[in-house]
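To start, the structure under review is shown below, and the notes come after it.
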Amino acid sequence: MLKSHFYEGKIEAGCDEAGRGCLAGSVYAAAVILPEDYQNELLNDSKQLTEKRRYELREIIERDAVAWAVGIVTPEEIDKINILNASILAMHRALDQLTVRPEAIIVDGNRFKPWTPPKNPLLKGTGSSAKVPYTTIVKGDGKYLSIAAASILAKTYRDDYMNELAKEYPQYDWLSNKGYPTKKHREAIKQYGITPYHRKSYNLLGDGQLSLEFEP
């Protein structure tokens, strides 16, 4: 059974990202605040769930959450600031959009940067603009409900996005691989070159070389 909270007695947001290892597409992140003592035995790391179950749980999370939001960082931004910084920025953008101000943050993984709440008089919660305390938790999406919920929202909204891009560029098999480095994806890059959605700073062909010589 996953735990409901890491910080006792605080409004706590769980954060996770999706798409960090992809060759194409934006990186997505979600922030979720769940009710105190919330329980849902079906919630788990999104990678452990079927696609159908993830979408079923997305509806439940959005219904039950005190607040939730999704943040996005584009391939162009990823190329400029690198994927680690982009993943953290996507989480910050998700946190910025929460309609309830979190008093603490728990993050999947082992890297994060301090987040300061935006100045928003309509935001519910404390009025402090100080940096919010956070804890990084390795494999946190399999330990805490709010991180698991965030992983599901980030994954499903990113999948929706990649499915739309796949209509424009069907040759890259994004319906199946969602932009990850599969053999078919890399073969398509070799044959057709890159799209505006590919991350040019990545080793797109898997040969140790950056693939900047390709044009959209």
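Here's how to read the names in the structure tokens: chain A, B, ... by the order shown, residue numbers from 1 in each chain, ligand numbers from 1 in the order shown.
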
So which residues touch Thr136 in chain A within 7 Å, counting only C-alpha atoms, skipping near sequence neighbours fewer than 3 positions away, as a short mmCIF file (atom, residue, chain, number, x, y, z; two decimals) with all heavy atoms, in the first residue's frame?
```
data_model
loop_
_atom_site.label_atom_id
_atom_site.label_comp_id
_atom_site.auth_asym_id
_atom_site.auth_seq_id
_atom_site.Cartn_x
_atom_site.Cartn_y
_atom_site.Cartn_z
N ILE A 106 7.04 16.65 -2.64
CA ILE A 106 7.81 15.41 -2.76
C ILE A 106 7.95 15.09 -4.25
O ILE A 106 7.00 15.24 -5.01
CB ILE A 106 7.19 14.23 -1.98
CG1 ILE A 106 5.72 14.01 -2.34
CG2 ILE A 106 7.36 14.46 -0.49
CD1 ILE A 106 5.11 12.77 -1.66
N VAL A 107 9.15 14.69 -4.63
CA VAL A 107 9.49 14.56 -6.04
C VAL A 107 10.07 13.17 -6.30
O VAL A 107 10.93 12.68 -5.56
CB VAL A 107 10.54 15.62 -6.44
CG1 VAL A 107 10.88 15.52 -7.92
CG2 VAL A 107 10.03 17.02 -6.10
N ASP A 108 9.63 12.56 -7.40
CA ASP A 108 10.21 11.28 -7.80
C ASP A 108 11.64 11.50 -8.29
O ASP A 108 11.90 12.42 -9.07
CB ASP A 108 9.37 10.65 -8.91
CG ASP A 108 9.89 9.28 -9.31
OD1 ASP A 108 10.01 8.41 -8.43
OD2 ASP A 108 10.20 9.08 -10.50
N GLY A 109 12.55 10.65 -7.86
CA GLY A 109 13.94 10.74 -8.33
C GLY A 109 14.86 11.30 -7.27
O GLY A 109 14.56 11.26 -6.07
N ASN A 110 15.99 11.87 -7.71
CA ASN A 110 16.98 12.38 -6.76
C ASN A 110 17.46 13.79 -7.06
O ASN A 110 18.43 14.25 -6.47
CB ASN A 110 18.18 11.43 -6.67
CG ASN A 110 18.90 11.28 -8.00
OD1 ASN A 110 18.56 11.93 -8.98
ND2 ASN A 110 19.88 10.40 -8.05
N ARG A 111 16.79 14.49 -8.01
CA ARG A 111 17.22 15.84 -8.36
C ARG A 111 16.01 16.76 -8.44
O ARG A 111 14.98 16.43 -9.02
CB ARG A 111 17.95 15.84 -9.71
CG ARG A 111 19.19 14.96 -9.77
CD ARG A 111 20.32 15.50 -8.92
NE ARG A 111 20.84 16.76 -9.43
CZ ARG A 111 21.75 16.85 -10.40
NH1 ARG A 111 22.22 15.75 -11.00
NH2 ARG A 111 22.21 18.03 -10.77
#
```

Polymer residues at most 12 Å from range 192-201 of chain A, only C-alpha atoms, same-chain spacing of 5 or more positions, as a PyMOL selection string: chain A and resi 19-27+73-83+86+161-162+165-166+168-172+174+178-181+184-187+208-216

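If you look at CA of Arg63 in chain A and CA of Lys139 in chain A, they are 25.0 Å away from each other.
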
DSSP-assigned strand (DSSP E or B) members of chain A, reported as a PyMOL selection string: chain A and resi 3+12-18+24+27-33+67-73+100+104-108+115+124+132+134-137+144+198

Got time to write the residues from that selection, N, CA and C atoms, as a compact mmCIF listing (two decimals), in the first residue's frame?
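again.txt was written with the following content:
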```txt
# COMPACT_ATOMS: atom_id res chain seq x y z
N LYS A 3 1.93 5.13 0.58
CA LYS A 3 1.68 6.07 1.67
C LYS A 3 1.00 7.32 1.14
N GLU A 12 0.67 18.93 0.85
CA GLU A 12 1.84 18.35 0.16
C GLU A 12 1.50 18.05 -1.30
N ALA A 13 2.38 18.49 -2.21
CA ALA A 13 2.23 18.19 -3.63
C ALA A 13 3.25 17.14 -4.04
N GLY A 14 2.79 16.15 -4.78
CA GLY A 14 3.68 15.15 -5.36
C GLY A 14 3.95 15.49 -6.81
N CYS A 15 5.20 15.32 -7.26
CA CYS A 15 5.60 15.67 -8.63
C CYS A 15 6.30 14.51 -9.32
N ASP A 16 6.04 14.38 -10.61
CA ASP A 16 6.76 13.42 -11.44
C ASP A 16 6.71 13.89 -12.88
N GLU A 17 7.61 13.35 -13.72
CA GLU A 17 7.68 13.74 -15.12
C GLU A 17 7.52 12.52 -16.02
N ALA A 18 7.31 12.78 -17.31
CA ALA A 18 7.23 11.72 -18.31
C ALA A 18 7.88 12.22 -19.59
N ALA A 24 12.00 12.53 -29.14
CA ALA A 24 11.13 13.54 -29.73
C ALA A 24 10.02 13.91 -28.75
N VAL A 27 8.76 17.34 -22.81
CA VAL A 27 8.72 16.61 -21.55
C VAL A 27 7.55 17.18 -20.74
N TYR A 28 6.79 16.30 -20.13
CA TYR A 28 5.62 16.67 -19.34
C TYR A 28 5.87 16.35 -17.87
N ALA A 29 5.29 17.15 -17.01
CA ALA A 29 5.35 16.87 -15.57
C ALA A 29 4.00 17.23 -14.96
N ALA A 30 3.70 16.60 -13.85
CA ALA A 30 2.45 16.90 -13.15
C ALA A 30 2.73 17.13 -11.67
N ALA A 31 1.88 17.92 -11.06
CA ALA A 31 1.89 18.13 -9.61
C ALA A 31 0.48 17.84 -9.10
N VAL A 32 0.39 17.08 -8.03
CA VAL A 32 -0.91 16.65 -7.51
C VAL A 32 -0.93 16.82 -5.99
N ILE A 33 -1.97 17.45 -5.50
CA ILE A 33 -2.23 17.52 -4.06
C ILE A 33 -3.45 16.66 -3.78
N ALA A 67 -5.99 19.60 -5.75
CA ALA A 67 -5.54 20.41 -6.89
C ALA A 67 -4.58 19.56 -7.72
N TRP A 68 -4.55 19.83 -9.02
CA TRP A 68 -3.61 19.16 -9.91
C TRP A 68 -3.31 20.06 -11.10
N ALA A 69 -2.15 19.85 -11.70
CA ALA A 69 -1.78 20.64 -12.87
C ALA A 69 -0.67 19.92 -13.63
N VAL A 70 -0.55 20.27 -14.91
CA VAL A 70 0.47 19.67 -15.79
C VAL A 70 1.34 20.79 -16.36
N GLY A 71 2.65 20.58 -16.34
CA GLY A 71 3.60 21.52 -16.92
C GLY A 71 4.33 20.91 -18.10
N ILE A 72 4.71 21.73 -19.07
CA ILE A 72 5.30 21.26 -20.31
C ILE A 72 6.55 22.07 -20.64
N VAL A 73 7.59 21.39 -21.12
CA VAL A 73 8.78 22.05 -21.65
C VAL A 73 9.05 21.49 -23.04
N VAL A 100 -4.15 25.53 -5.33
CA VAL A 100 -3.91 25.51 -3.88
C VAL A 100 -2.40 25.54 -3.68
N ALA A 104 4.61 21.84 1.10
CA ALA A 104 5.76 20.94 0.96
C ALA A 104 5.61 20.19 -0.36
N ILE A 105 6.74 19.70 -0.86
CA ILE A 105 6.76 19.01 -2.16
C ILE A 105 7.55 17.73 -2.03
N ILE A 106 7.04 16.65 -2.64
CA ILE A 106 7.81 15.41 -2.76
C ILE A 106 7.95 15.09 -4.25
N VAL A 107 9.15 14.69 -4.63
CA VAL A 107 9.49 14.56 -6.04
C VAL A 107 10.07 13.17 -6.30
N ASP A 108 9.63 12.56 -7.40
CA ASP A 108 10.21 11.28 -7.80
C ASP A 108 11.64 11.50 -8.29
N TRP A 115 11.60 25.57 -5.31
CA TRP A 115 10.50 26.22 -6.00
C TRP A 115 9.91 27.30 -5.12
N LYS A 124 -5.16 29.80 -3.11
CA LYS A 124 -5.59 29.39 -1.78
C LYS A 124 -4.40 28.87 -0.99
N VAL A 132 9.56 26.63 -0.96
CA VAL A 132 8.80 25.57 -0.30
C VAL A 132 9.72 24.37 -0.04
N TYR A 134 11.21 20.70 0.16
CA TYR A 134 10.96 19.55 -0.72
C TYR A 134 11.84 18.38 -0.32
N THR A 135 11.42 17.20 -0.74
CA THR A 135 12.20 15.98 -0.55
C THR A 135 12.15 15.18 -1.84
N THR A 136 13.30 14.74 -2.31
CA THR A 136 13.36 13.84 -3.46
C THR A 136 13.34 12.41 -2.96
N ILE A 137 12.62 11.56 -3.67
CA ILE A 137 12.43 10.17 -3.24
C ILE A 137 12.66 9.25 -4.44
N TYR A 144 4.59 6.71 -2.81
CA TYR A 144 3.67 7.74 -2.32
C TYR A 144 2.57 7.99 -3.34
N HIS A 198 11.86 16.72 -32.87
CA HIS A 198 13.00 15.94 -32.37
C HIS A 198 13.93 16.81 -31.53
```

Residue with smallest distance to Asn177 in chain A - pool A:Leu43, A:Arg93, A:Asp159, A:Ile189, counting only C-alpha atoms: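 Among the listed residues, the smallest separation from Asn177 in chain A belongs to A:Asp159.
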
Per-residue DSSP, range 20-210 of chain A, filtered to alpha helix (DSSP H), as number ranges by chain: A: 51-64, 75-81, 83-97, 145-168, 174-177, 183-192
